[in-house]
$ cat model00.cif   # mmCIF, C-alpha atoms
data_model
loop_
_atom_site.label_atom_id
_atom_site.label_comp_id
_atom_site.auth_asym_id
_atom_site.auth_seq_id
_atom_site.Cartn_x
_atom_site.Cartn_y
_atom_site.Cartn_z
CA MET I 1 0.00 0.00 0.00
CA HIS I 2 1.68 3.14 -1.20
CA PRO I 3 1.27 6.54 0.46
CA THR I 4 -0.76 8.85 -1.76
CA GLY I 5 -0.90 12.55 -2.67
CA GLU I 6 1.49 14.90 -0.92
CA GLY I 7 2.52 12.17 1.51
CA ASP I 8 3.71 10.05 -1.46
CA LYS I 9 5.80 12.92 -2.85
CA PHE I 10 7.32 13.56 0.58
CA MET I 11 8.20 9.91 1.15
CA ARG I 12 9.75 9.48 -2.29
CA ARG I 13 11.85 12.57 -1.83
CA SER I 14 12.94 11.44 1.61
CA LEU I 15 13.96 8.03 0.31
CA SER I 16 15.82 9.28 -2.76
CA ARG I 17 18.20 11.53 -0.84
CA SER I 18 20.61 10.61 1.91
CA SER I 19 20.13 12.46 5.18
CA GLU I 20 23.86 12.12 5.75
CA THR I 21 24.95 14.01 2.62
CA ASP I 22 22.24 16.59 1.96
CA PRO I 23 22.54 19.47 4.51
CA LEU I 24 19.46 21.32 3.22
CA TYR I 25 17.36 18.18 3.56
CA ARG I 26 18.68 17.54 7.07
CA LYS I 27 17.87 21.10 8.12
CA GLU I 28 14.33 20.82 6.74
CA MET I 29 13.71 17.57 8.56
CA ALA I 30 15.16 18.80 11.84
CA SER I 31 12.99 21.90 11.91
CA ASN I 32 9.68 20.09 11.50
CA TYR I 33 10.07 16.55 12.79
CA ARG I 34 11.92 14.42 15.27
CA LEU I 35 13.23 10.91 14.57
CA ARG I 36 11.83 8.01 16.49
CA SER I 37 14.31 5.57 17.98
CA ASP I 38 14.58 1.90 17.03
CA ALA I 39 13.02 0.91 20.35
CA GLU I 40 9.83 2.84 19.49
CA LEU I 41 9.38 1.26 16.08
CA ASP I 42 9.21 -2.46 16.81
CA LEU I 43 10.62 -3.23 13.35
CA PRO I 44 12.40 -6.45 12.33
CA VAL I 45 16.16 -6.30 12.76
CA ASP I 46 16.89 -6.53 9.04
CA HIS I 47 14.61 -3.53 8.42
CA ARG I 48 16.32 -1.44 11.10
CA SER I 49 19.73 -2.00 9.57
CA ALA I 50 18.64 -1.11 6.04
CA GLU I 51 20.06 2.06 4.55
CA LEU I 52 17.89 4.64 2.84
CA SER I 53 19.62 3.92 -0.47
CA ASP I 54 18.30 0.33 -0.28
CA LEU I 55 14.70 1.42 0.34
CA ASP I 56 13.68 2.84 -3.02
CA PRO I 57 10.05 1.73 -3.58
CA ILE I 58 10.30 2.56 -7.28
CA ASN I 59 13.34 0.51 -8.26
CA ALA I 60 13.18 -2.23 -5.64
CA SER I 61 12.26 -5.76 -6.66
CA GLY I 62 10.36 -8.44 -4.82
CA PRO I 63 6.77 -8.80 -3.64
CA GLU I 64 7.22 -6.48 -0.67
CA THR I 65 9.59 -3.59 -0.08
CA PRO I 66 10.23 -2.09 3.36
CA ILE I 67 9.97 1.69 3.16
CA LEU I 68 10.26 2.78 6.78
CA SER I 69 13.34 2.61 9.00
CA ARG I 70 14.82 4.46 11.95
CA SER I 71 15.82 7.37 9.72
CA ALA I 72 12.57 7.48 7.78
CA VAL I 73 9.84 7.21 10.43
CA LEU I 74 9.07 10.73 11.58
CA GLN I 75 6.76 12.42 14.06
CA PRO I 76 5.58 16.06 14.27
CA GLU I 77 7.01 17.96 17.20
CA GLU I 78 4.49 18.80 19.92
CA PRO I 79 3.95 22.60 20.08
CA SER I 80 5.95 24.03 22.97
CA PHE I 81 7.66 27.16 24.28
CA SER I 82 10.84 27.80 26.23
CA ALA I 83 10.85 29.07 29.82
CA PHE I 84 14.03 29.32 31.89
CA GLY I 85 15.78 27.03 29.43
CA VAL I 86 13.11 24.32 29.67
CA ARG I 87 10.80 23.28 26.83
CA ILE I 88 7.18 23.27 28.05
CA PRO I 89 4.33 21.90 25.88
CA TYR I 90 1.66 24.45 25.12
CA LYS I 91 -1.04 22.22 26.59
CA TYR I 92 0.56 22.36 30.05
CA GLY I 93 1.13 26.08 29.75
CA SER I 94 -2.56 26.31 28.88
CA LEU I 95 -3.41 24.44 32.09
CA VAL I 96 -1.57 27.05 34.16
CA LEU I 97 -3.14 29.90 32.20
CA LEU I 98 -6.67 28.55 32.51
CA THR I 99 -6.25 27.95 36.24
CA PHE I 100 -4.76 31.39 36.89
CA GLN I 101 -7.32 33.32 34.85
CA THR I 102 -10.34 31.43 36.19
CA SER I 103 -9.28 32.02 39.79
CA LEU I 104 -7.97 35.57 39.48
CA ILE I 105 -10.94 37.16 37.72
CA VAL I 106 -13.41 36.13 40.44
CA LEU I 107 -11.10 36.92 43.36
CA TYR I 108 -10.11 40.33 42.02
CA MET I 109 -13.70 41.21 41.16
CA LYS I 110 -14.73 40.41 44.73
CA TYR I 111 -11.90 42.59 46.03
CA SER I 112 -12.81 45.50 43.73
CA ARG I 113 -16.43 45.50 44.84
CA GLY I 114 -15.31 46.12 48.41
CA ALA I 115 -12.46 48.50 47.60
CA VAL I 116 -14.25 51.13 45.50
CA THR I 117 -17.77 52.06 44.45
CA TYR I 118 -18.29 51.92 40.69
CA LEU I 119 -20.94 50.92 38.19
CA ALA I 120 -20.57 47.30 37.12
CA THR I 121 -22.49 48.09 33.93
CA ALA I 122 -19.88 50.72 33.02
CA ALA I 123 -17.06 48.23 33.62
CA VAL I 124 -18.74 45.75 31.26
CA VAL I 125 -19.00 48.38 28.50
CA MET I 126 -15.35 49.42 28.85
CA ALA I 127 -14.23 45.78 28.78
CA GLU I 128 -16.10 45.28 25.49
CA LEU I 129 -14.50 48.39 23.97
CA LEU I 130 -11.02 47.29 25.03
CA LYS I 131 -11.69 43.82 23.64
CA ILE I 132 -12.47 45.37 20.25
CA VAL I 133 -9.09 47.14 20.23
CA LEU I 134 -7.05 44.14 21.35
CA ALA I 135 -8.84 41.61 19.14
CA SER I 136 -8.55 43.96 16.12
CA MET I 137 -4.79 44.17 16.58
CA LEU I 138 -4.53 40.39 16.78
CA ALA I 139 -6.85 39.93 13.79
CA MET I 140 -4.76 42.26 11.59
CA HIS I 141 -1.61 40.46 12.67
CA GLU I 142 -3.18 37.11 11.79
CA LEU I 143 -4.37 38.43 8.43
CA LYS I 144 -0.83 39.72 7.83
CA SER I 145 -2.26 43.07 6.85
CA GLY I 146 -2.42 46.49 8.45
CA SER I 147 -5.42 47.35 6.31
CA ILE I 148 -8.42 48.56 8.27
CA ASP I 149 -10.57 48.09 5.15
CA LEU I 150 -9.77 44.37 5.02
CA LEU I 151 -10.63 43.93 8.70
CA VAL I 152 -13.92 45.82 8.25
CA ARG I 153 -14.85 43.54 5.34
CA LYS I 154 -14.06 40.48 7.44
CA ILE I 155 -16.22 41.77 10.29
CA PHE I 156 -19.26 43.21 8.51
CA THR I 157 -19.60 42.32 4.83
CA GLU I 158 -17.85 39.02 4.14
CA GLN I 159 -20.56 37.00 5.88
CA PRO I 160 -23.25 39.50 6.95
CA GLY I 161 -25.67 36.78 8.03
CA GLU I 162 -23.14 35.49 10.55
CA PHE I 163 -22.57 38.98 11.91
CA ILE I 164 -26.27 39.31 12.73
CA LYS I 165 -26.30 35.90 14.43
CA VAL I 166 -23.33 36.93 16.56
CA GLY I 167 -25.46 39.81 17.87
CA VAL I 168 -27.78 37.34 19.61
CA VAL I 169 -24.82 35.63 21.26
CA SER I 170 -23.28 38.94 22.28
CA PHE I 171 -26.53 40.04 23.94
CA LEU I 172 -26.53 36.88 26.06
CA TYR I 173 -22.89 37.40 27.01
CA VAL I 174 -23.58 41.00 28.08
CA ILE I 175 -26.35 39.72 30.36
CA GLN I 176 -24.00 37.06 31.70
CA ASN I 177 -21.20 39.53 32.45
CA ASN I 178 -23.51 41.83 34.36
CA LEU I 179 -24.93 38.91 36.33
CA LEU I 180 -21.37 37.90 37.22
CA TYR I 181 -20.97 41.12 39.24
CA ILE I 182 -24.23 40.48 41.08
CA ALA I 183 -23.24 36.90 41.88
CA VAL I 184 -19.73 37.74 43.12
CA SER I 185 -21.07 40.62 45.22
CA ASN I 186 -23.39 38.25 47.08
CA LEU I 187 -21.38 35.02 47.23
CA GLU I 188 -17.92 34.07 48.36
CA PRO I 189 -15.57 33.56 45.39
CA ALA I 190 -15.15 29.88 46.22
CA THR I 191 -18.91 29.36 46.48
CA TYR I 192 -19.39 31.13 43.17
CA GLN I 193 -16.72 28.97 41.52
CA VAL I 194 -18.37 25.77 42.70
CA THR I 195 -21.90 26.84 41.81
CA TYR I 196 -20.90 28.12 38.37
CA GLN I 197 -19.87 24.60 37.40
CA LEU I 198 -23.58 24.02 36.81
CA LYS I 199 -22.72 25.51 33.42
CA ILE I 200 -21.48 22.00 32.56
CA LEU I 201 -24.99 20.68 33.21
CA THR I 202 -26.77 23.43 31.27
CA THR I 203 -24.35 23.16 28.34
CA ALA I 204 -24.80 19.39 28.21
CA VAL I 205 -28.59 19.71 28.18
CA MET I 206 -28.45 22.38 25.46
CA SER I 207 -26.08 20.27 23.37
CA VAL I 208 -28.37 17.24 23.55
CA TRP I 209 -31.42 19.37 22.75
CA MET I 210 -30.03 21.64 20.01
CA LEU I 211 -27.19 19.60 18.52
CA SER I 212 -28.39 16.06 19.26
CA LYS I 213 -25.04 15.26 20.85
CA PRO I 214 -25.02 11.92 22.69
CA LEU I 215 -23.74 11.66 26.26
CA SER I 216 -22.21 8.55 27.75
CA GLY I 217 -23.55 6.91 30.89
CA ARG I 218 -20.50 8.15 32.79
CA GLN I 219 -21.24 11.73 31.73
CA TRP I 220 -24.88 11.52 32.81
CA GLY I 221 -23.73 10.09 36.14
CA SER I 222 -21.21 12.91 36.57
CA LEU I 223 -23.97 15.47 35.93
CA VAL I 224 -26.06 13.95 38.73
CA LEU I 225 -23.00 14.06 40.98
CA LEU I 226 -22.39 17.68 39.99
CA THR I 227 -25.93 18.71 40.83
CA ALA I 228 -25.73 16.99 44.21
CA GLY I 229 -22.43 18.71 45.00
CA VAL I 230 -23.75 22.17 44.15
CA ALA I 231 -26.86 21.51 46.23
CA LEU I 232 -24.71 20.65 49.26
CA VAL I 233 -22.60 23.78 48.80
CA GLN I 234 -25.66 26.01 48.52
CA THR I 235 -27.25 24.38 51.57
CA ALA I 236 -24.12 25.15 53.56
CA THR I 237 -24.09 28.71 52.24
CA MET I 238 -27.72 29.41 53.10
CA ASN I 239 -27.20 28.12 56.63
CA SER I 240 -24.17 30.33 57.20
CA ASN I 241 -24.54 33.55 59.14
CA ALA I 242 -21.21 34.93 57.94
CA GLN I 243 -22.45 36.02 54.54
CA ALA I 244 -25.56 37.76 55.89
CA ALA I 245 -23.42 39.81 58.26
CA ASP I 246 -21.89 41.96 55.49
CA GLY I 247 -25.20 42.64 53.77
CA ALA I 248 -24.79 39.99 51.09
CA ARG I 249 -27.84 38.13 49.82
CA PRO I 250 -26.86 34.55 48.99
CA MET I 251 -30.21 33.76 47.36
CA LEU I 252 -29.81 36.68 44.93
CA GLY I 253 -26.29 35.49 44.17
CA LEU I 254 -27.55 31.97 43.50
CA ILE I 255 -30.25 33.21 41.13
CA ALA I 256 -27.67 35.30 39.27
CA VAL I 257 -25.39 32.28 38.86
CA LEU I 258 -28.21 30.04 37.64
CA VAL I 259 -29.38 32.56 35.04
CA SER I 260 -25.77 33.15 34.00
CA CYS I 261 -25.21 29.40 33.54
CA GLY I 262 -28.29 29.18 31.35
CA SER I 263 -27.43 32.19 29.18
CA SER I 264 -23.80 31.13 28.79
CA ALA I 265 -24.76 27.59 27.78
CA PHE I 266 -27.39 28.70 25.28
CA ALA I 267 -25.04 31.30 23.78
CA GLY I 268 -22.21 28.81 23.33
CA VAL I 269 -24.35 26.06 21.82
CA TYR I 270 -26.29 28.52 19.64
CA LEU I 271 -23.02 29.87 18.26
CA GLU I 272 -21.76 26.35 17.58
CA LYS I 273 -24.98 25.38 15.81
CA LEU I 274 -25.38 28.43 13.60
CA LEU I 275 -21.73 29.14 12.82
CA LYS I 276 -20.48 25.57 12.44
CA ASN I 277 -19.14 26.21 8.92
CA SER I 278 -17.83 29.70 9.64
CA THR I 279 -14.56 30.83 8.09
CA ALA I 280 -13.99 33.66 10.59
CA THR I 281 -10.94 33.40 12.83
CA VAL I 282 -11.21 33.49 16.61
CA TRP I 283 -9.95 37.09 16.65
CA VAL I 284 -12.42 38.33 14.03
CA ARG I 285 -15.17 36.60 15.98
CA ASN I 286 -14.11 38.40 19.18
CA VAL I 287 -14.15 41.74 17.37
CA GLN I 288 -17.70 41.00 16.18
CA LEU I 289 -18.77 40.12 19.71
CA GLY I 290 -17.28 43.37 21.00
CA VAL I 291 -18.89 45.46 18.24
CA TRP I 292 -22.28 44.16 19.36
CA GLY I 293 -21.44 43.97 23.06
CA ALA I 294 -20.37 47.61 23.60
CA PRO I 295 -23.59 49.30 22.43
CA LEU I 296 -25.78 46.60 23.99
CA GLY I 297 -23.91 47.02 27.27
CA LEU I 298 -24.37 50.80 27.07
CA VAL I 299 -28.12 50.39 26.61
CA PHE I 300 -28.22 48.07 29.63
CA ALA I 301 -26.20 50.59 31.69
CA LEU I 302 -28.56 53.45 30.83
CA PHE I 303 -31.60 51.30 31.58
CA ASN I 304 -30.25 50.04 34.92
CA ASP I 305 -28.18 52.96 36.23
CA TYR I 306 -29.53 56.06 34.45
CA ASP I 307 -30.11 58.17 37.58
CA SER I 308 -26.66 57.34 39.01
CA ILE I 309 -24.97 58.11 35.68
CA VAL I 310 -26.71 61.50 35.45
CA GLU I 311 -25.83 62.35 39.05
CA LYS I 312 -22.25 61.06 39.37
CA GLY I 313 -21.13 60.28 35.83
CA PHE I 314 -20.50 57.15 33.82
CA PHE I 315 -16.94 56.70 35.13
CA GLN I 316 -17.68 57.21 38.81
CA GLY I 317 -15.21 55.31 40.99
CA PHE I 318 -12.93 54.47 38.06
CA GLY I 319 -9.24 54.31 38.91
CA TRP I 320 -6.40 51.83 38.75
CA VAL I 321 -8.44 49.18 40.61
CA VAL I 322 -11.31 49.26 38.12
CA GLY I 323 -8.94 49.82 35.20
CA LEU I 324 -7.04 46.66 36.03
CA LEU I 325 -10.30 44.74 36.33
CA VAL I 326 -11.46 45.98 32.91
CA PHE I 327 -8.14 45.00 31.33
CA GLN I 328 -8.26 41.59 32.95
CA GLN I 329 -11.77 40.95 31.67
CA ALA I 330 -10.91 42.01 28.12
CA ALA I 331 -7.44 40.49 27.78
CA GLY I 332 -8.24 37.47 29.95
CA GLY I 333 -10.98 36.33 27.62
CA LEU I 334 -8.61 36.50 24.65
CA LEU I 335 -5.93 34.59 26.54
CA ILE I 336 -8.42 31.86 27.34
CA ALA I 337 -9.32 31.66 23.65
CA VAL I 338 -5.66 30.90 22.94
CA ALA I 339 -5.34 28.43 25.79
CA ILE I 340 -8.38 26.43 24.75
CA ARG I 341 -6.80 25.80 21.34
CA TYR I 342 -4.15 23.64 23.03
CA ALA I 343 -5.77 22.31 26.22
CA ASP I 344 -7.87 19.18 25.83
CA ASN I 345 -11.02 18.47 27.84
CA ILE I 346 -9.14 16.61 30.58
CA LEU I 347 -6.82 19.56 31.16
CA LYS I 348 -9.80 21.93 31.22
CA GLY I 349 -11.40 19.76 33.89
CA PHE I 350 -8.24 19.76 35.98
CA ALA I 351 -7.85 23.53 35.53
CA THR I 352 -11.38 24.07 36.83
CA SER I 353 -10.79 21.78 39.79
CA ILE I 354 -7.50 23.44 40.75
CA SER I 355 -9.18 26.84 40.37
CA ILE I 356 -11.87 25.85 42.90
CA ILE I 357 -9.22 24.77 45.39
CA LEU I 358 -7.16 27.95 44.91
CA SER I 359 -10.22 30.18 45.22
CA SER I 360 -11.16 28.43 48.45
CA ILE I 361 -7.71 28.91 49.96
CA VAL I 362 -7.44 32.56 48.95
CA SER I 363 -10.99 33.26 50.14
CA MET I 364 -10.12 31.93 53.57
CA ILE I 365 -7.10 34.24 53.70
CA MET I 366 -8.52 37.42 52.13
CA PHE I 367 -12.23 37.29 52.92
CA SER I 368 -12.34 35.26 56.18
CA PHE I 369 -14.21 32.46 54.45
CA GLU I 370 -14.83 29.49 56.77
CA PRO I 371 -16.15 26.44 54.90
CA ASN I 372 -17.87 23.76 56.96
CA LEU I 373 -17.86 20.01 56.34
CA LEU I 374 -21.04 20.18 54.27
CA TRP I 375 -19.47 22.79 51.97
CA LEU I 376 -16.24 20.81 51.64
CA GLY I 377 -18.17 17.63 50.82
CA GLY I 378 -20.16 19.40 48.13
CA ALA I 379 -17.06 21.00 46.64
CA ALA I 380 -15.33 17.60 46.53
CA LEU I 381 -18.30 16.12 44.63
CA VAL I 382 -18.19 18.98 42.13
CA ILE I 383 -14.45 18.51 41.53
CA VAL I 384 -14.85 14.76 40.99
CA ALA I 385 -17.84 15.30 38.69
CA THR I 386 -15.96 17.88 36.61
CA ILE I 387 -13.02 15.55 36.03
CA LEU I 388 -15.28 12.57 35.26
CA TYR I 389 -17.30 14.55 32.74
CA SER I 390 -14.14 15.79 31.01
CA MET I 391 -12.60 12.34 30.59
CA PRO I 392 -12.82 10.98 27.03
CA ALA I 393 -14.69 7.81 26.19
CA SER I 394 -12.70 4.59 25.91
CA ALA I 395 -10.94 4.48 22.60
CA ALA I 396 -9.44 1.65 20.61
CA PRO I 397 -5.65 1.29 20.82
CA ALA I 398 -3.78 3.53 18.41
CA PRO I 399 -2.62 1.71 15.25
CA THR I 400 1.04 0.74 15.13
CA VAL I 401 3.44 2.21 12.60
CA VAL I 402 3.32 0.35 9.30
CA SER I 403 6.81 -0.97 8.62
CA GLU I 404 6.30 -2.34 5.14
CA ALA I 405 4.39 -1.35 2.03
CA ARG I 406 3.50 -3.34 -1.02
CA ARG I 407 5.17 -2.42 -4.22
#

$ encode --input "model00.cif" --output "C-alpha cells"
Amino acid sequence: MHPTGEGDKFMRRSLSRSSETDPLYRKEMASNYRLRSDAELDLPVDHRSAELSDLDPINASGPETPILSRSAVLQPEEPSFSAFGVRIPYKYGSLVLLTFQTSLIVLYMKYSRGAVTYLATAAVVMAELLKIVLASMLAMHELKSGSIDLLVRKIFTEQPGEFIKVGVVSFLYVIQNNLLYIAVSNLEPATYQVTYQLKILTTAVMSVWMLSKPLSGRQWGSLVLLTAGVALVQTATMNSNAQAADGARPMLGLIAVLVSCGSSAFAGVYLEKLLKNSTATVWVRNVQLGVWGAPLGLVFALFNDYDSIVEKGFFQGFGWVVGLLVFQQAAGGLLIAVAIRYADNILKGFATSISIILSSIVSMIMFSFEPNLLWLGGAALVIVATILYSMPASAAPAPTVVSEARR
C-alpha cells in the first residue's frame, strides 16, 4: 500500500536523498520533525539496519519492499515554548493559564467591589471596547495586513448573516457579564466557583437538545454528581450567618449564577450550531462580539443605572483598581481563547478543579471564608464530577506504525 498525494511525494523525496549528505534536507527535517528511535518502532532487525539507499520503492524488486526505517519514520514535534531554558508543551502552559485566569478574575472582582464604588455596567461596556481594540490588533496580525478596510470587510460584509447571528450571542454574554458582578457581590468567590460549574450541566442539556449530541452513561452520572455537590454547597451557604453579616444576599447570588449558567450555555451552543461552517478566525469573531457587546452594554447601563450616571457620571469610581479589572476581563478572555486551542477536555477539567481549590484557599485568607464540612463535601463532589465529565470515552488502541508497504 503506497502513500498517496502529498505524503507520497514527501516519502519518495525522503527516500531518494541521503540524510547524511544533503545538509538542506537535514535542516528541513530537523525543523519540523523528530526521529523516532529503534526501540519505538518495533521493526524487524533486518529492516532497522537497512540504509535509505536500499529502500527505493520505485526501483526495488520483490513482492514487498520495506519503506520505513529508523531514519525514515518521523513524528511532528508537539507545540511548545521555552521558559528558563526548559521546553514546556503548550497544553501544560494552557493548564496554568486557565487555572490562573479562572481564579484571578473572580477573586479580584470580589476585592474591587469592596475597595471602590463603581458601576458594574460601566465596567462591562469598557471591557467590550477594550476587547475590540485588542482583538482587532490580533486579527490584523493574523491576516498579515495592516489594512483597516480588510478587517472591516471580514467583520461586517464578508458573511453578513453570521454577523447578525453573533449579535444574539453577544446580547446573552452581556447579560451574563452583568450577572457575574451580582453573583460575586453576594457570594464568596469559592462558592461562586463551585456553583458556576452548573454551566457544565446546562451546556450538556443544550447540546443534547439543540445539537443532538449523545452523552455517555458516565457523563450523565457525573452530571447527577455535579448537581448533588452544588446543592450541598448552597445548603451550607444558606445556613451560614457569615455572609448575611456583610449585607450579602446569597439567594440573589444563587439566582444570578443560575441565570448566567443558562445564558452562557445557550449562547455557546447557539453559536456552535449556527456558525459551524464559519470561516472567521477566533480574533475576528471576538471583534464581532465586541462590536455588538459595547452598544448593547451601554443600553443596559442606561436602563439600569440612568439616575446614578446623570448624578455622578458614567466613570464614577474608576481608577487603577477598576482599570485593572477591565483590562483583565478584556485580555483574559482573549488569553483563554488561545489556551483552549491547546488544552484538551481533561486539562480543562483539571484547571477548573484546581481553580476551585485555589479560590477556596485565597478566600479563607482574604475574605475570612470558613467552609464547613457540608461545603467541603459538596465541593469535593463537584471537583470529581468535573473531572469525570471531562474524561474521554474509551478508545481503541492507536494503530502501530506500518513498517512495510506493497510495491

$ resolve_selection --input "model00.cif" --expression "the PyMOL selection byres ((chain I and resi 203) around 9)" --output "PyMOL selection string"
chain I and resi 198-202+204-208+261-262+264-266+268-269

$ closest_residue --input "model00.cif" --among "I:Ile387, I:Ala379, I:Leu289, I:Ala330" --to "Val166 of chain I" --atoms "all atoms listed in the file"
I:Leu289

$ resolve_selection --input "model00.cif" --expression "the PyMOL selection byres ((chain I and resi 125) around 10)" --output "list in words"
Ala120, Thr121, Ala122, Ala123, Val124, Met126, Ala127, Glu128, Leu129, Leu130, Lys131, Val174, Asn177, Asn178, Gly290, Gly293, Ala294, Pro295, Leu296, Gly297, Leu298, Val299, Phe300, Ala301 and Val326 of chain I

$ write_last_selection --input "model00.cif" --atoms "C-alpha atoms" --output "mmCIF file, in the frame of the given file"
data_model
loop_
_atom_site.group_PDB
_atom_site.id
_atom_site.type_symbol
_atom_site.label_atom_id
_atom_site.label_comp_id
_atom_site.auth_asym_id
_atom_site.auth_seq_id
_atom_site.Cartn_x
_atom_site.Cartn_y
_atom_site.Cartn_z
ATOM 1 C CA ALA I 120 -20.570 47.300 37.120
ATOM 2 C CA THR I 121 -22.490 48.090 33.930
ATOM 3 C CA ALA I 122 -19.880 50.720 33.020
ATOM 4 C CA ALA I 123 -17.060 48.230 33.620
ATOM 5 C CA VAL I 124 -18.740 45.750 31.260
ATOM 6 C CA MET I 126 -15.350 49.420 28.850
ATOM 7 C CA ALA I 127 -14.230 45.780 28.780
ATOM 8 C CA GLU I 128 -16.100 45.280 25.490
ATOM 9 C CA LEU I 129 -14.500 48.390 23.970
ATOM 10 C CA LEU I 130 -11.020 47.290 25.030
ATOM 11 C CA LYS I 131 -11.690 43.820 23.640
ATOM 12 C CA VAL I 174 -23.580 41.000 28.080
ATOM 13 C CA ASN I 177 -21.200 39.530 32.450
ATOM 14 C CA ASN I 178 -23.510 41.830 34.360
ATOM 15 C CA GLY I 290 -17.280 43.370 21.000
ATOM 16 C CA GLY I 293 -21.440 43.970 23.060
ATOM 17 C CA ALA I 294 -20.370 47.610 23.600
ATOM 18 C CA PRO I 295 -23.590 49.300 22.430
ATOM 19 C CA LEU I 296 -25.780 46.600 23.990
ATOM 20 C CA GLY I 297 -23.910 47.020 27.270
ATOM 21 C CA LEU I 298 -24.370 50.800 27.070
ATOM 22 C CA VAL I 299 -28.120 50.390 26.610
ATOM 23 C CA PHE I 300 -28.220 48.070 29.630
ATOM 24 C CA ALA I 301 -26.200 50.590 31.690
ATOM 25 C CA VAL I 326 -11.460 45.980 32.910
#

$ closest_residue --input "model00.cif" --among "I:Gly323, I:Gly313, I:Gly146, I:Pro214" --to "Met109 of chain I" --atoms "only C-alpha atoms"
I:Gly323

$ atom_distance --input "model00.cif" --atom1 "atom CA of Ala385 of chain I" --atom2 "atom CA of Leu226 of chain I"
5.3 Å

$ closest_residue --input "model00.cif" --among "I:Val362, I:Val169, I:Leu150, I:Met238" --to "Asn186 of chain I" --atoms "all atoms listed in the file"
I:Met238

$ residues_near_point --input "model00.cif" --point "(-24.4, 18.9, 47.2)" --cutoff "12 Å" --atoms "all atoms listed in the file" --output "ChimeraX atom specification"
/I:191,194-195,198,223-237,373-383,385

$ atom_distance --input "model00.cif" --atom1 "atom CA of Asn239 of chain I" --atom2 "atom CA of Gln176 of chain I"
26.7 Å

$ resolve_selection --input "model00.cif" --expression "the PyMOL selection byres ((chain I and resi 165) around 12)" --output "PyMOL selection string"
chain I and resi 156+159-164+166-172+267+270-275+278+285+288-289+292

$ atom_distance --input "model00.cif" --atom1 "atom CA of Thr99 of chain I" --atom2 "atom CA of Ser355 of chain I"
5.2 Å

$ residues_around --input "model00.cif" --residues "Tyr111 of chain I" --least-positions-apart "6" --cutoff "12 Å" --atoms "all atoms listed in the file" --output "PyMOL selection string"
chain I and resi 104-105+117+181+184-185+188-189+321-322+324-325+362-363+366-367

$ residues_around --input "model00.cif" --residues "Leu98 of chain I" --least-positions-apart "5" --cutoff "8 Å" --atoms "only C-alpha atoms" --output "PyMOL selection string"
chain I and resi 336+339+348+351-352

$ write_last_selection --input "model00.cif" --atoms "C-alpha atoms" --output "PDB file, in the coordinates of the input"
ATOM      1  CA  ILE I 336      -8.420  31.860  27.340  1.00  0.00           C
ATOM      2  CA  ALA I 339      -5.340  28.430  25.790  1.00  0.00           C
ATOM      3  CA  LYS I 348      -9.800  21.930  31.220  1.00  0.00           C
ATOM      4  CA  ALA I 351      -7.850  23.530  35.530  1.00  0.00           C
ATOM      5  CA  THR I 352     -11.380  24.070  36.830  1.00  0.00           C
TER       6      THR I 352
END
